[in-house]
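Here's the structure, in structure tokens; my notes come after.
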Amino acid sequence: MAVEMQKGYEYIQEEIERMLSYNFSDSFMRLEFDENENRQFNFDLDYVKTYLSKVKEQFPNNKFKLYIEYVMKENFILDTNKCKELEEIDNYLRDKYGMQLLIRAKKDFMNSYGFRMTLYANRQIDELADIIKNLKDEEGNELSPFEKFMFVYESVTDFIYNDEGEKLHFNSSHWIPVLNGDKIVCTGYSSLIEAICERIFDENEIKILGNSVDVYNSEGEYLGGHANNIIFINDPKYKIKGMFYLDSCWDSITKEDEDKAYAYCCIPLIDIHKNKKYKFKFRETYIEDLQKEYKKFFMTGEKKKSFFDKFKLFKFINEAFEMSSDRVSLQYFIDNYESLNNNGVVPIKAFVNSFYLIGAERGLEGEELKEFVSKRMNYSIARCKHIYDEGCISSLTSYIYKEDAKENKGR
């Protein structure tokens with residue numbers, strides 16, 4: 001049972017009494033303090049002490065479990081004075097009551113994690129984001145948005161898929177426990193790449209949304225659900241302005257093979273249904289996110305109104321059948337791809353240059369660097385040709401990489 005601390009102690013007392021009246025064998029109470037809601041008090045150590053002392057006084061023989069959860073205004077913990085206050089609270093709860101302070105981001109409705117593991121994961125992402133933001137090319141120029149993103153993708157795909165067997169994927173499906181352990185599944189990859197990009201990019205450069213699909217084999221047999229991402233890219237250097245499909249899970253290295261192939265990296269949406277091995281059915285995606293990002297990246301003038309009037313029809317149909325009225329399938333974008341102002345591809349030059357930058361950052365140079373780029377390009381192209389039909393518009397599906405040809409080097 002969750003109770004809002006802002007409503008005052010008398011309200012909490014009533015809720016505890018109501019909970020105890022049920023005589024559950026394993027009762028628990030979660031006290032939530034949401035910084036996003038109107039409040040009379042600040043969430044600090046004195047405030048927590050006061051609440052807990054009243055609970056102890058009113059229920060001296062209580063055997064129910066008590067949790068305290070802080071819901072942040074921000075998506076991430078920052079090393080600020082507020083962070084120091086939270087650390088004081090966490091230390092007090094551990095020393096006095098043997099419990100930890102739980103932290104939940106404002107946009108996360110489901111998951112809360114202990115303060116220490118949350119702070120540890122945030123610091124790791126901060127460190128990686130700072131490194132990528134400050135990278136320079138060999139001429140000392142700042143990297144383009146796509147080039148920076150490729151360093152993010154390289155880092156995330158370095159994680160080796162590792163699930164929890166028959167257990168629920170609590171420790172592997174979100175970036176905070178992923179960075180505190182050795183487990184990761186598709187939702188872990190998806191949330192991790194989103195969290196890193198939020199720290200690095202201006203929202204008009206790159207924006208990543210979580211996405212999910214149902215996966216079937218070529219015979220139509222259902223294989224299960226799968227999480228991935230949709231990425232919006234605006235990179236003037238390579239004239240990229242598009243909305244693409246992204247799957248860092250399926251592009252990650254494996255225990256058996258450390259060679260990576262970027263077969264699902266920034267693939268045009270229309271190409272996804274030309275996969276020879278799998279068929280995808282897109283689940284519902286939040287319409288507000290898709291509308292907002294699509295309008296911002298691609299649409300101007302009257303096109304905004306005419307295109308999104310079609311979404312009102314979807315909303316009407318959903319409401320008529322008492323379905324969710326705030327979601328629409330990404331499939332609609334794919335089915336209407338040709339009419340969208342978004343049918344570009346990521347050019348080969350952008351991939352090649354990015355692989356050169358990644359190899360150079362690893363300390364490679366000369367022939368070793370050329371070999372790294374050649375291997376990465378050829379492996380990615382070969383895998384794309386194995387996965388997709390020839391009719392795909394992605395540059396990687398219809399290209400032969402020749403490292404010794406100047407026009408193909410991309411440099």
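Quick note on naming: the chains in the structure tokens go A, B, ... in the order shown, residues restart at 1 in each chain, and ligands are numbered from 1 in order of appearance.
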
With a distance cut-off of 12 Å and only C-alpha atoms, select the neighbouring residues of Ile16 in chain A, excluding the residue or stretch itself and same-chain residues fewer than 5 positions from it, and output the selection as a list in words.
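So, after excluding close chain neighbours, the residues are Met1, Ala2, Val3, Tyr9, Glu10, Tyr11, Ser21, Tyr22, Asn23, Ser27, Phe28, Met29, Arg30, Leu31, Val55, Lys56, Gln58, Phe59, Asn62, Lys63, Phe64, Lys65 and Leu66 of chain A.
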
Out of A:Gly140, A:Val71, A:Asn229, A:Ser394, which residue has the shortest atom-to-atom distance to Ala263 in chain A when counting only C-alpha atoms?
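Counting only C-alpha atoms, the residue closest to Ala263 in chain A is A:Ser394.
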
Near Tyr153 in chain A, within 9 Å and counting only C-alpha atoms, which residues show up once chain neighbours fewer than 5 positions away are dropped, as a ChimeraX atom specification?
/A:148,158,193,248,265

Counting only C-alpha atoms, the residue of A:Phe355, A:Phe282, A:Tyr189, A:Phe201 that sits nearest Trp250 in chain A
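Selected residue with least distance to Trp250 in chain A: A:Tyr189.
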
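Proximity to His169 in chain A was assessed for A:Glu367, A:Ile200, A:Asn111, A:Arg94 counting only C-alpha atoms; the smallest distance is recorded for A:Asn111.
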
Can you tell me, as a PyMOL selection string, what residues are no more than 10 Å from range 38-54 of chain A when counting only C-alpha atoms, ignoring any on the same chain fewer than 6 positions away?
chain A and resi 5-10+12-13+31+60+66+68+70+82+84-93+97

Selection export as a PDB file, in the first residue's frame, atoms kept: N, CA and C atoms:
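Everything below was put into part-v4.pdb:
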```pdb
ATOM      1  N   MET A   5       2.998  11.149   1.578  1.00  0.00           N
ATOM      2  CA  MET A   5       3.398  11.807   2.817  1.00  0.00           C
ATOM      3  C   MET A   5       2.887  13.240   2.890  1.00  0.00           C
ATOM      4  N   GLN A   6       2.722  13.883   1.704  1.00  0.00           N
ATOM      5  CA  GLN A   6       2.303  15.282   1.703  1.00  0.00           C
ATOM      6  C   GLN A   6       0.915  15.499   2.305  1.00  0.00           C
ATOM      7  N   LYS A   7       0.120  14.433   2.394  1.00  0.00           N
ATOM      8  CA  LYS A   7      -1.247  14.587   2.893  1.00  0.00           C
ATOM      9  C   LYS A   7      -1.317  14.688   4.414  1.00  0.00           C
ATOM     10  N   GLY A   8      -0.168  14.558   5.073  1.00  0.00           N
ATOM     11  CA  GLY A   8      -0.144  14.739   6.514  1.00  0.00           C
ATOM     12  C   GLY A   8      -0.169  13.433   7.288  1.00  0.00           C
ATOM     13  N   TYR A   9       0.265  13.508   8.544  1.00  0.00           N
ATOM     14  CA  TYR A   9       0.402  12.281   9.317  1.00  0.00           C
ATOM     15  C   TYR A   9      -0.937  11.643   9.665  1.00  0.00           C
ATOM     16  N   GLU A  10      -1.952  12.452   9.937  1.00  0.00           N
ATOM     17  CA  GLU A  10      -3.259  11.879  10.299  1.00  0.00           C
ATOM     18  C   GLU A  10      -3.777  10.976   9.186  1.00  0.00           C
ATOM     19  N   ILE A  12      -1.908   9.332   7.020  1.00  0.00           N
ATOM     20  CA  ILE A  12      -1.082   8.130   7.037  1.00  0.00           C
ATOM     21  C   ILE A  12      -1.521   7.192   8.161  1.00  0.00           C
ATOM     22  N   GLN A  13      -1.822   7.762   9.323  1.00  0.00           N
ATOM     23  CA  GLN A  13      -2.275   6.949  10.459  1.00  0.00           C
ATOM     24  C   GLN A  13      -3.553   6.185  10.099  1.00  0.00           C
ATOM     25  N   LEU A  31       5.601   4.879   2.141  1.00  0.00           N
ATOM     26  CA  LEU A  31       5.359   6.314   2.279  1.00  0.00           C
ATOM     27  C   LEU A  31       6.059   7.032   1.132  1.00  0.00           C
ATOM     28  N   PRO A  60       3.487   1.099  18.491  1.00  0.00           N
ATOM     29  CA  PRO A  60       4.738   0.643  19.122  1.00  0.00           C
ATOM     30  C   PRO A  60       5.045  -0.825  18.860  1.00  0.00           C
ATOM     31  N   LEU A  66       7.918  -1.094   6.548  1.00  0.00           N
ATOM     32  CA  LEU A  66       7.742   0.301   6.179  1.00  0.00           C
ATOM     33  C   LEU A  66       8.831   0.705   5.176  1.00  0.00           C
ATOM     34  N   ILE A  68      10.183   4.071   2.617  1.00  0.00           N
ATOM     35  CA  ILE A  68      10.052   5.485   2.277  1.00  0.00           C
ATOM     36  C   ILE A  68      10.619   5.684   0.881  1.00  0.00           C
ATOM     37  N   TYR A  70      11.185   8.431  -2.364  1.00  0.00           N
ATOM     38  CA  TYR A  70      11.274   9.819  -2.801  1.00  0.00           C
ATOM     39  C   TYR A  70      11.150   9.850  -4.325  1.00  0.00           C
ATOM     40  N   LYS A  82      20.610  18.696  -2.772  1.00  0.00           N
ATOM     41  CA  LYS A  82      19.500  17.773  -2.580  1.00  0.00           C
ATOM     42  C   LYS A  82      20.016  16.342  -2.479  1.00  0.00           C
ATOM     43  N   LYS A  84      22.859  15.430  -1.301  1.00  0.00           N
ATOM     44  CA  LYS A  84      23.471  15.283   0.027  1.00  0.00           C
ATOM     45  C   LYS A  84      22.396  15.073   1.102  1.00  0.00           C
ATOM     46  N   GLU A  85      21.280  15.782   0.953  1.00  0.00           N
ATOM     47  CA  GLU A  85      20.171  15.595   1.895  1.00  0.00           C
ATOM     48  C   GLU A  85      19.620  14.173   1.811  1.00  0.00           C
ATOM     49  N   LEU A  86      19.480  13.670   0.598  1.00  0.00           N
ATOM     50  CA  LEU A  86      18.980  12.306   0.413  1.00  0.00           C
ATOM     51  C   LEU A  86      19.949  11.280   1.001  1.00  0.00           C
ATOM     52  N   GLU A  87      21.224  11.566   0.867  1.00  0.00           N
ATOM     53  CA  GLU A  87      22.226  10.660   1.428  1.00  0.00           C
ATOM     54  C   GLU A  87      22.140  10.619   2.953  1.00  0.00           C
ATOM     55  N   GLU A  88      21.908  11.776   3.567  1.00  0.00           N
ATOM     56  CA  GLU A  88      21.729  11.833   5.023  1.00  0.00           C
ATOM     57  C   GLU A  88      20.524  10.999   5.457  1.00  0.00           C
ATOM     58  N   ILE A  89      19.446  11.126   4.713  1.00  0.00           N
ATOM     59  CA  ILE A  89      18.232  10.361   5.031  1.00  0.00           C
ATOM     60  C   ILE A  89      18.490   8.869   4.884  1.00  0.00           C
ATOM     61  N   ASP A  90      19.150   8.494   3.808  1.00  0.00           N
ATOM     62  CA  ASP A  90      19.433   7.076   3.571  1.00  0.00           C
ATOM     63  C   ASP A  90      20.310   6.503   4.679  1.00  0.00           C
ATOM     64  N   ASN A  91      21.337   7.236   5.072  1.00  0.00           N
ATOM     65  CA  ASN A  91      22.217   6.764   6.149  1.00  0.00           C
ATOM     66  C   ASN A  91      21.444   6.607   7.469  1.00  0.00           C
ATOM     67  N   TYR A  92      20.565   7.574   7.743  1.00  0.00           N
ATOM     68  CA  TYR A  92      19.765   7.511   8.971  1.00  0.00           C
ATOM     69  C   TYR A  92      18.841   6.292   8.953  1.00  0.00           C
ATOM     70  N   LEU A  93      18.149   6.066   7.848  1.00  0.00           N
ATOM     71  CA  LEU A  93      17.235   4.932   7.747  1.00  0.00           C
ATOM     72  C   LEU A  93      17.963   3.605   7.897  1.00  0.00           C
ATOM     73  N   TYR A  97      16.790   2.095  11.296  1.00  0.00           N
ATOM     74  CA  TYR A  97      15.676   1.191  11.028  1.00  0.00           C
ATOM     75  C   TYR A  97      16.039   0.000  10.138  1.00  0.00           C
TER      76      TYR A  97
END
```

Alpha helix (DSSP H) per DSSP on the backbone: members of range 60-100 of chain A, as a list in words
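Matching residues, listed in order: Asn81, Lys82, Cys83, Lys84, Glu85, Leu86, Glu87, Glu88, Ile89, Asp90, Asn91, Tyr92, Leu93, Arg94, Asp95, Lys96 and Tyr97 of chain A.
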
Take the selection from the previous step and output its residues with C-alpha atoms, as a PDB file, in the first residue's frame.
```pdb
ATOM      1  CA  ASN A  81      22.712  19.768  -2.146  1.00  0.00           C
ATOM      2  CA  LYS A  82      19.500  17.773  -2.580  1.00  0.00           C
ATOM      3  CA  CYS A  83      21.589  14.688  -3.225  1.00  0.00           C
ATOM      4  CA  LYS A  84      23.471  15.283   0.027  1.00  0.00           C
ATOM      5  CA  GLU A  85      20.171  15.595   1.895  1.00  0.00           C
ATOM      6  CA  LEU A  86      18.980  12.306   0.413  1.00  0.00           C
ATOM      7  CA  GLU A  87      22.226  10.660   1.428  1.00  0.00           C
ATOM      8  CA  GLU A  88      21.729  11.833   5.023  1.00  0.00           C
ATOM      9  CA  ILE A  89      18.232  10.361   5.031  1.00  0.00           C
ATOM     10  CA  ASP A  90      19.433   7.076   3.571  1.00  0.00           C
ATOM     11  CA  ASN A  91      22.217   6.764   6.149  1.00  0.00           C
ATOM     12  CA  TYR A  92      19.765   7.511   8.971  1.00  0.00           C
ATOM     13  CA  LEU A  93      17.235   4.932   7.747  1.00  0.00           C
ATOM     14  CA  ARG A  94      19.925   2.279   7.453  1.00  0.00           C
ATOM     15  CA  ASP A  95      21.423   2.959  10.881  1.00  0.00           C
ATOM     16  CA  LYS A  96      18.170   3.462  12.787  1.00  0.00           C
ATOM     17  CA  TYR A  97      15.676   1.191  11.028  1.00  0.00           C
TER      18      TYR A  97
END
```

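When only C-alpha atoms are used to measure the gap to Tyr262 in chain A, the shortest distance among A:Leu20, A:Ile196, A:Leu143, A:Cys249 belongs to A:Cys249.
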
Expressed in Å, the length from CA of Glu194 in chain A to CA of Leu209 in chain A is 7.1 Å

Tell me, as an NGL selection string, which residues lie within 7 Å of Tyr388 in chain A, counting only C-alpha atoms; anything in the same chain fewer than 4 positions away does not count.
:A and (274-276 or 384 or 392)

Export, as an mmCIF file, in the first residue's frame, the selected residues with C-alpha atoms.
```
data_model
loop_
_atom_site.group_PDB
_atom_site.id
_atom_site.type_symbol
_atom_site.label_atom_id
_atom_site.label_comp_id
_atom_site.auth_asym_id
_atom_site.auth_seq_id
_atom_site.Cartn_x
_atom_site.Cartn_y
_atom_site.Cartn_z
ATOM 1 C CA LYS A 274 11.674 -6.609 -44.792
ATOM 2 C CA ASN A 275 13.426 -8.794 -42.242
ATOM 3 C CA LYS A 276 13.757 -12.315 -43.697
ATOM 4 C CA CYS A 384 22.364 -6.770 -42.992
ATOM 5 C CA CYS A 392 15.617 -2.234 -48.209
#
```

Using the chain letters and numbers from this document, which residues of range 90-222 of chain A does DSSP assign to strand (DSSP E), as a list in words?
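The residues of range 90-222 of chain A classed as strand (DSSP E) are Leu102, Ile103, Arg104, Tyr113, Gly114, Ile206, Lys207, Ile208, Leu209, Gly210, Asn211, Ser212, Val213, Asp214, Val215, Tyr216, Asn217 and Tyr222 of chain A.
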
Using CA of Ala261 in chain A and CA of Glu127 in chain A as the two end points, give the distance in Å to one decimal.
25.9 Å

Nearest candidate to Glu142 in chain A (options A:Lys385, A:Lys237, A:His226, A:Lys370; using only C-alpha atoms)
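For Glu142 in chain A, the nearest of the given residues is A:Lys237.
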
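Counting from CA of Leu179 in chain A, the distance to CA of Tyr113 in chain A is 12.2 Å.
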